[in-house]
>>> print(open('entry34.cif').read())   # mmCIF, N, CA and C atoms
data_start
#
loop_
_atom_site.label_atom_id
_atom_site.label_comp_id
_atom_site.auth_asym_id
_atom_site.auth_seq_id
_atom_site.Cartn_x
_atom_site.Cartn_y
_atom_site.Cartn_z
N GLN Q 1 110.26 94.51 105.63
CA GLN Q 1 110.07 95.55 104.61
C GLN Q 1 108.61 95.57 104.19
N VAL Q 2 107.96 96.70 104.41
CA VAL Q 2 106.56 96.85 104.05
C VAL Q 2 106.45 97.28 102.59
N GLN Q 3 105.57 96.64 101.87
CA GLN Q 3 105.31 97.01 100.48
C GLN Q 3 103.82 97.24 100.27
N LEU Q 4 103.51 98.27 99.52
CA LEU Q 4 102.16 98.54 99.08
C LEU Q 4 102.16 98.48 97.56
N VAL Q 5 101.31 97.66 97.00
CA VAL Q 5 101.27 97.50 95.56
C VAL Q 5 99.85 97.79 95.07
N GLU Q 6 99.74 98.86 94.28
CA GLU Q 6 98.45 99.22 93.70
C GLU Q 6 98.26 98.49 92.37
N SER Q 7 97.01 98.19 92.07
CA SER Q 7 96.66 97.57 90.80
C SER Q 7 95.22 97.92 90.46
N GLY Q 8 94.85 97.62 89.22
CA GLY Q 8 93.47 97.84 88.79
C GLY Q 8 93.26 99.05 87.92
N GLY Q 9 94.30 99.83 87.71
CA GLY Q 9 94.16 100.99 86.85
C GLY Q 9 94.08 100.59 85.39
N GLY Q 10 93.78 101.58 84.55
CA GLY Q 10 93.69 101.31 83.12
C GLY Q 10 92.90 102.39 82.42
N LEU Q 11 92.55 102.11 81.18
CA LEU Q 11 91.77 103.04 80.36
C LEU Q 11 90.29 102.67 80.46
N VAL Q 12 89.47 103.66 80.74
CA VAL Q 12 88.03 103.43 80.86
C VAL Q 12 87.30 104.62 80.23
N GLN Q 13 86.14 104.36 79.68
CA GLN Q 13 85.35 105.42 79.08
C GLN Q 13 84.61 106.22 80.16
N PRO Q 14 84.31 107.46 79.87
CA PRO Q 14 83.50 108.24 80.83
C PRO Q 14 82.21 107.51 81.19
N GLY Q 15 81.90 107.54 82.48
CA GLY Q 15 80.73 106.83 82.98
C GLY Q 15 81.03 105.42 83.42
N GLY Q 16 82.22 104.93 83.13
CA GLY Q 16 82.59 103.58 83.49
C GLY Q 16 83.06 103.45 84.93
N SER Q 17 83.46 102.23 85.28
CA SER Q 17 83.89 101.93 86.65
C SER Q 17 85.22 101.19 86.66
N LEU Q 18 85.92 101.36 87.74
CA LEU Q 18 87.14 100.60 87.99
C LEU Q 18 87.22 100.34 89.50
N ARG Q 19 87.88 99.26 89.85
CA ARG Q 19 88.17 99.01 91.25
C ARG Q 19 89.68 98.89 91.41
N LEU Q 20 90.24 99.78 92.18
CA LEU Q 20 91.66 99.75 92.48
C LEU Q 20 91.90 98.93 93.74
N SER Q 21 93.04 98.26 93.76
CA SER Q 21 93.44 97.49 94.93
C SER Q 21 94.79 97.98 95.42
N CYS Q 22 94.98 97.90 96.70
CA CYS Q 22 96.26 98.21 97.34
C CYS Q 22 96.58 97.02 98.24
N ALA Q 23 97.47 96.17 97.77
CA ALA Q 23 97.84 94.99 98.54
C ALA Q 23 99.06 95.29 99.39
N ALA Q 24 98.93 95.05 100.67
CA ALA Q 24 100.02 95.32 101.62
C ALA Q 24 100.69 94.03 102.03
N SER Q 25 102.00 94.11 102.17
CA SER Q 25 102.77 92.96 102.62
C SER Q 25 103.91 93.43 103.50
N GLY Q 26 104.42 92.50 104.30
CA GLY Q 26 105.50 92.83 105.20
C GLY Q 26 105.27 92.19 106.55
N THR Q 27 106.30 91.70 107.14
CA THR Q 27 106.17 90.99 108.41
C THR Q 27 105.57 91.90 109.47
N GLY Q 28 104.49 91.46 110.05
CA GLY Q 28 103.88 92.21 111.13
C GLY Q 28 103.09 93.43 110.72
N PHE Q 29 102.90 93.64 109.41
CA PHE Q 29 102.13 94.79 108.96
C PHE Q 29 100.71 94.37 108.63
N PHE Q 30 99.76 95.06 109.23
CA PHE Q 30 98.36 94.75 109.00
C PHE Q 30 97.59 96.04 108.72
N ILE Q 31 96.82 96.04 107.66
CA ILE Q 31 96.07 97.24 107.32
C ILE Q 31 95.04 97.56 108.41
N SER Q 32 94.63 96.55 109.16
CA SER Q 32 93.61 96.77 110.18
C SER Q 32 94.10 97.64 111.33
N THR Q 33 95.42 97.73 111.50
CA THR Q 33 95.97 98.54 112.60
C THR Q 33 96.66 99.80 112.09
N ASN Q 34 96.48 100.08 110.82
CA ASN Q 34 97.04 101.27 110.21
C ASN Q 34 95.95 102.10 109.55
N THR Q 35 96.29 103.33 109.25
CA THR Q 35 95.42 104.19 108.48
C THR Q 35 95.82 104.09 107.02
N MET Q 36 94.86 103.77 106.19
CA MET Q 36 95.12 103.58 104.77
C MET Q 36 94.44 104.70 103.97
N THR Q 37 95.19 105.32 103.10
CA THR Q 37 94.69 106.48 102.38
C THR Q 37 94.96 106.33 100.89
N TRP Q 38 94.01 106.75 100.09
CA TRP Q 38 94.19 106.86 98.64
C TRP Q 38 94.38 108.34 98.29
N TYR Q 39 95.38 108.59 97.45
CA TYR Q 39 95.62 109.91 96.89
C TYR Q 39 95.65 109.76 95.36
N ARG Q 40 95.58 110.89 94.69
CA ARG Q 40 95.76 110.87 93.24
C ARG Q 40 96.50 112.12 92.80
N GLN Q 41 97.18 111.99 91.69
CA GLN Q 41 97.90 113.13 91.13
C GLN Q 41 97.67 113.16 89.63
N ALA Q 42 96.99 114.20 89.20
CA ALA Q 42 96.73 114.40 87.78
C ALA Q 42 97.92 115.10 87.14
N PRO Q 43 98.07 114.96 85.83
CA PRO Q 43 99.20 115.60 85.13
C PRO Q 43 99.22 117.10 85.39
N GLY Q 44 100.38 117.59 85.84
CA GLY Q 44 100.53 119.01 86.07
C GLY Q 44 99.89 119.55 87.33
N LYS Q 45 99.35 118.64 88.16
CA LYS Q 45 98.68 119.09 89.38
C LYS Q 45 99.32 118.48 90.61
N GLU Q 46 98.97 119.03 91.77
CA GLU Q 46 99.49 118.49 93.01
C GLU Q 46 98.71 117.23 93.42
N ARG Q 47 99.37 116.43 94.24
CA ARG Q 47 98.71 115.23 94.75
C ARG Q 47 97.55 115.64 95.65
N GLU Q 48 96.42 114.96 95.51
CA GLU Q 48 95.26 115.32 96.32
C GLU Q 48 94.68 114.10 97.01
N PHE Q 49 94.08 114.36 98.15
CA PHE Q 49 93.44 113.33 98.96
C PHE Q 49 92.19 112.82 98.26
N VAL Q 50 91.97 111.49 98.32
CA VAL Q 50 90.78 110.90 97.72
C VAL Q 50 89.90 110.23 98.79
N ALA Q 51 90.52 109.36 99.60
CA ALA Q 51 89.73 108.62 100.59
C ALA Q 51 90.65 108.05 101.65
N ILE Q 52 90.08 107.83 102.83
CA ILE Q 52 90.84 107.31 103.95
C ILE Q 52 89.99 106.32 104.73
N ILE Q 53 90.66 105.31 105.29
CA ILE Q 53 89.94 104.33 106.10
C ILE Q 53 90.84 103.86 107.23
N ASN Q 54 90.26 103.74 108.42
CA ASN Q 54 90.96 103.16 109.56
C ASN Q 54 89.91 102.60 110.51
N SER Q 55 90.34 102.28 111.72
CA SER Q 55 89.41 101.66 112.66
C SER Q 55 88.26 102.58 113.05
N GLY Q 56 88.44 103.87 112.81
CA GLY Q 56 87.40 104.83 113.16
C GLY Q 56 86.37 105.05 112.08
N GLY Q 57 86.63 104.51 110.90
CA GLY Q 57 85.68 104.68 109.81
C GLY Q 57 86.35 105.10 108.52
N ALA Q 58 85.55 105.70 107.64
CA ALA Q 58 86.05 106.08 106.32
C ALA Q 58 85.56 107.48 105.96
N ILE Q 59 86.38 108.17 105.21
CA ILE Q 59 86.04 109.50 104.72
C ILE Q 59 86.37 109.57 103.24
N ILE Q 60 85.47 110.16 102.48
CA ILE Q 60 85.66 110.32 101.04
C ILE Q 60 85.76 111.82 100.74
N ALA Q 61 86.67 112.18 99.86
CA ALA Q 61 86.81 113.59 99.48
C ALA Q 61 85.53 114.08 98.80
N ASP Q 62 85.21 115.34 99.02
CA ASP Q 62 84.01 115.92 98.44
C ASP Q 62 84.00 115.80 96.91
N SER Q 63 85.18 115.89 96.31
CA SER Q 63 85.28 115.87 94.86
C SER Q 63 84.83 114.55 94.24
N VAL Q 64 84.81 113.48 95.03
CA VAL Q 64 84.44 112.16 94.50
C VAL Q 64 83.31 111.52 95.30
N LYS Q 65 82.80 112.22 96.28
CA LYS Q 65 81.75 111.66 97.13
C LYS Q 65 80.53 111.31 96.30
N GLY Q 66 79.97 110.15 96.60
CA GLY Q 66 78.82 109.67 95.84
C GLY Q 66 79.20 108.82 94.65
N ARG Q 67 80.48 108.86 94.28
CA ARG Q 67 80.96 108.06 93.14
C ARG Q 67 82.02 107.05 93.55
N PHE Q 68 82.83 107.39 94.53
CA PHE Q 68 83.91 106.50 94.99
C PHE Q 68 83.60 105.97 96.38
N THR Q 69 84.01 104.76 96.63
CA THR Q 69 83.93 104.19 97.97
C THR Q 69 85.24 103.49 98.31
N ILE Q 70 85.60 103.52 99.58
CA ILE Q 70 86.80 102.85 100.05
C ILE Q 70 86.38 101.71 100.97
N SER Q 71 87.09 100.60 100.85
CA SER Q 71 86.80 99.46 101.70
C SER Q 71 88.09 98.68 101.93
N ARG Q 72 88.02 97.70 102.79
CA ARG Q 72 89.21 96.89 103.04
C ARG Q 72 88.81 95.46 103.35
N ASP Q 73 89.71 94.55 103.03
CA ASP Q 73 89.57 93.14 103.36
C ASP Q 73 90.77 92.80 104.23
N ASN Q 74 90.53 92.75 105.53
CA ASN Q 74 91.65 92.51 106.45
C ASN Q 74 92.28 91.15 106.24
N ALA Q 75 91.49 90.17 105.87
CA ALA Q 75 92.03 88.83 105.66
C ALA Q 75 93.01 88.80 104.48
N LYS Q 76 92.75 89.66 103.50
CA LYS Q 76 93.65 89.74 102.34
C LYS Q 76 94.67 90.86 102.48
N ASN Q 77 94.57 91.61 103.58
CA ASN Q 77 95.48 92.74 103.82
C ASN Q 77 95.47 93.70 102.63
N THR Q 78 94.28 93.96 102.13
CA THR Q 78 94.11 94.75 100.91
C THR Q 78 93.03 95.81 101.10
N VAL Q 79 93.31 96.99 100.56
CA VAL Q 79 92.37 98.10 100.57
C VAL Q 79 91.91 98.33 99.14
N TYR Q 80 90.64 98.69 99.00
CA TYR Q 80 90.07 98.88 97.67
C TYR Q 80 89.54 100.30 97.52
N LEU Q 81 89.53 100.75 96.28
CA LEU Q 81 88.86 102.00 95.93
C LEU Q 81 87.95 101.70 94.75
N GLN Q 82 86.66 101.67 95.01
CA GLN Q 82 85.68 101.45 93.95
C GLN Q 82 85.32 102.79 93.35
N MET Q 83 85.51 102.92 92.05
CA MET Q 83 85.28 104.19 91.37
C MET Q 83 84.20 103.99 90.32
N ASN Q 84 83.10 104.68 90.48
CA ASN Q 84 81.98 104.61 89.55
C ASN Q 84 81.75 105.96 88.89
N SER Q 85 81.00 105.94 87.82
CA SER Q 85 80.66 107.18 87.09
C SER Q 85 81.90 108.02 86.84
N LEU Q 86 82.90 107.40 86.33
CA LEU Q 86 84.18 108.08 86.15
C LEU Q 86 84.08 109.20 85.12
N LYS Q 87 84.85 110.25 85.39
CA LYS Q 87 84.88 111.43 84.53
C LYS Q 87 86.29 111.65 84.02
N PRO Q 88 86.44 112.36 82.92
CA PRO Q 88 87.81 112.63 82.43
C PRO Q 88 88.69 113.30 83.47
N GLU Q 89 88.12 114.11 84.34
CA GLU Q 89 88.92 114.78 85.37
C GLU Q 89 89.38 113.84 86.47
N ASP Q 90 88.93 112.59 86.45
CA ASP Q 90 89.44 111.59 87.39
C ASP Q 90 90.75 110.97 86.90
N THR Q 91 91.16 111.32 85.70
CA THR Q 91 92.41 110.80 85.16
C THR Q 91 93.57 111.24 86.04
N ALA Q 92 94.35 110.26 86.50
CA ALA Q 92 95.44 110.54 87.43
C ALA Q 92 96.17 109.24 87.75
N VAL Q 93 97.31 109.40 88.39
CA VAL Q 93 97.96 108.25 89.02
C VAL Q 93 97.42 108.18 90.44
N TYR Q 94 96.95 107.01 90.82
CA TYR Q 94 96.36 106.81 92.14
C TYR Q 94 97.37 106.07 93.03
N TYR Q 95 97.58 106.64 94.21
CA TYR Q 95 98.56 106.11 95.14
C TYR Q 95 97.90 105.66 96.44
N CYS Q 96 98.48 104.64 97.02
CA CYS Q 96 98.05 104.13 98.32
C CYS Q 96 99.12 104.50 99.35
N ARG Q 97 98.68 104.90 100.52
CA ARG Q 97 99.58 105.30 101.60
C ARG Q 97 99.13 104.62 102.89
N ALA Q 98 100.09 104.17 103.66
CA ALA Q 98 99.81 103.60 104.98
C ALA Q 98 100.56 104.40 106.03
N THR Q 99 99.86 104.72 107.11
CA THR Q 99 100.49 105.43 108.22
C THR Q 99 100.06 104.77 109.53
N GLY Q 100 101.02 104.76 110.46
CA GLY Q 100 100.73 104.21 111.78
C GLY Q 100 102.01 103.91 112.52
N PHE Q 101 101.95 104.03 113.84
CA PHE Q 101 103.11 103.71 114.69
C PHE Q 101 104.34 104.53 114.27
N GLY Q 102 104.11 105.75 113.82
CA GLY Q 102 105.21 106.62 113.45
C GLY Q 102 105.83 106.33 112.11
N MET Q 103 105.23 105.45 111.35
CA MET Q 103 105.78 105.06 110.07
C MET Q 103 104.86 105.49 108.93
N GLU Q 104 105.44 105.59 107.74
CA GLU Q 104 104.69 105.97 106.55
C GLU Q 104 105.22 105.17 105.36
N TYR Q 105 104.29 104.63 104.58
CA TYR Q 105 104.67 103.87 103.40
C TYR Q 105 103.79 104.29 102.23
N TRP Q 106 104.39 104.28 101.05
CA TRP Q 106 103.68 104.63 99.82
C TRP Q 106 103.86 103.53 98.78
N GLY Q 107 102.84 103.35 97.99
CA GLY Q 107 102.96 102.51 96.82
C GLY Q 107 103.48 103.32 95.65
N LYS Q 108 103.69 102.65 94.52
CA LYS Q 108 104.24 103.34 93.35
C LYS Q 108 103.15 103.89 92.44
N GLY Q 109 101.92 103.55 92.72
CA GLY Q 109 100.81 104.12 91.99
C GLY Q 109 100.32 103.27 90.83
N THR Q 110 99.09 103.55 90.44
CA THR Q 110 98.50 102.91 89.27
C THR Q 110 97.77 103.99 88.47
N LEU Q 111 97.94 103.95 87.15
CA LEU Q 111 97.41 105.01 86.30
C LEU Q 111 95.97 104.71 85.89
N VAL Q 112 95.13 105.69 86.08
CA VAL Q 112 93.74 105.63 85.63
C VAL Q 112 93.54 106.70 84.56
N THR Q 113 93.09 106.27 83.40
CA THR Q 113 92.82 107.21 82.31
C THR Q 113 91.36 107.09 81.92
N VAL Q 114 90.65 108.20 82.00
CA VAL Q 114 89.23 108.22 81.64
C VAL Q 114 89.10 109.02 80.35
N SER Q 115 88.78 108.31 79.28
CA SER Q 115 88.74 108.96 77.97
C SER Q 115 87.89 108.14 77.02
N SER Q 116 87.26 108.84 76.10
CA SER Q 116 86.49 108.15 75.07
C SER Q 116 87.33 107.96 73.81
#
>>> encode(input="entry34.cif", output="structure tokens")
Amino acid sequence: QVQLVESGGGLVQPGGSLRLSCAASGTGFFISTNTMTWYRQAPGKEREFVAIINSGGAIIADSVKGRFTISRDNAKNTVYLQMNSLKPEDTAVYYCRATGFGMEYWGKGTLVTVSS
């Protein structure tokens, strides 16, 4: 059973930073052989793409480019989303998704609130 567990969310002031983590577990599941994606869903809005990373590299959505970075630690089987210069419009539940070998897994999300 593959599990993705997001953490690191919370309340932060505008201009602040947070680092989200997505820890993956499950027999035979390795983030290094899967595509890992961060999405977010703001209140009343549709889920949107934030960042993706796999063996081919990483892509950041235009809406957060220059402020967010995605990385991974294969030894810890964990993917990170470093978020800097946060804005109130970044407030959302952030989800981690894994895809590969015909399978798809989602975490339950972590809430990020950017407010003064």
>>> resolve_selection(input="entry34.cif", expression="the PyMOL selection byres ((chain Q and resi 65-70) around 7)", output="PyMOL selection string")
chain Q and resi 51-53+58+60-64+71-72+79-85
>>> closest_residue(input="entry34.cif", among="Q:Gln41, Q:Gly26, Q:Lys76, Q:Pro14", to="Q:Lys108", atoms="only C-alpha atoms")
Q:Gln41
>>> closest_residue(input="entry34.cif", among="Q:Gln1, Q:Thr113, Q:Thr37, Q:Leu20", to="Q:Val50", atoms="all atoms listed in the file")
Q:Thr37
>>> atom_distance(input="entry34.cif", atom1="atom CA of Q:Val112", atom2="atom CA of Q:Tyr94")
7.1 Å
>>> atom_distance(input="entry34.cif", atom1="atom CA of Q:Arg19", atom2="atom C of Q:Gly109")
12.9 Å
>>> select_by_dssp(input="entry34.cif", residues="chain Q", states="strand (DSSP E or B)", output="PyMOL selection string")
chain Q and resi 3-7+10-12+18-25+35-41+48-54+57-60+68-73+78-83+92-100+103-106+110-114
>>> closest_residue(input="entry34.cif", among="Q:Ile31, Q:Met103, Q:Ala75, Q:Cys22", to="Q:Gly9", atoms="only C-alpha atoms")
Q:Cys22
>>> atom_distance(input="entry34.cif", atom1="atom CA of Q:Lys45", atom2="atom C of Q:Thr99")
24.8 Å
>>> residues_around(input="entry34.cif", residues="Q:Phe30", least_positions_apart="3", cutoff="6.5 Å", atoms="all atoms listed in the file", output="PyMOL selection string")
chain Q and resi 33-34+77
>>> resolve_selection(input="entry34.cif", expression="the PyMOL selection byres ((chain Q and resi 3) around 6)", output="compact mmCIF listing (two decimals) with N, CA and C atoms, keeping the file's coordinate frame")
# COMPACT_ATOMS: atom_id res chain seq x y z
N GLN Q 1 110.26 94.51 105.63
CA GLN Q 1 110.07 95.55 104.61
C GLN Q 1 108.61 95.57 104.19
N VAL Q 2 107.96 96.70 104.41
CA VAL Q 2 106.56 96.85 104.05
C VAL Q 2 106.45 97.28 102.59
N LEU Q 4 103.51 98.27 99.52
CA LEU Q 4 102.16 98.54 99.08
C LEU Q 4 102.16 98.48 97.56
N VAL Q 5 101.31 97.66 97.00
CA VAL Q 5 101.27 97.50 95.56
C VAL Q 5 99.85 97.79 95.07
N ALA Q 23 97.47 96.17 97.77
CA ALA Q 23 97.84 94.99 98.54
C ALA Q 23 99.06 95.29 99.39
N ALA Q 24 98.93 95.05 100.67
CA ALA Q 24 100.02 95.32 101.62
C ALA Q 24 100.69 94.03 102.03
N SER Q 25 102.00 94.11 102.17
CA SER Q 25 102.77 92.96 102.62
C SER Q 25 103.91 93.43 103.50
N GLY Q 26 104.42 92.50 104.30
CA GLY Q 26 105.50 92.83 105.20
C GLY Q 26 105.27 92.19 106.55
>>> closest_residue(input="entry34.cif", among="Q:Ser21, Q:Met36, Q:Thr27, Q:Gly16", to="Q:Arg97", atoms="only C-alpha atoms")
Q:Met36
>>> closest_residue(input="entry34.cif", among="Q:Gly56, Q:Pro43, Q:Gly28, Q:Pro88", to="Q:Gln13", atoms="all atoms listed in the file")
Q:Pro88
>>> closest_residue(input="entry34.cif", among="Q:Leu111, Q:Ala42, Q:Leu86, Q:Val93", to="Q:Gly15", atoms="all atoms listed in the file")
Q:Leu86
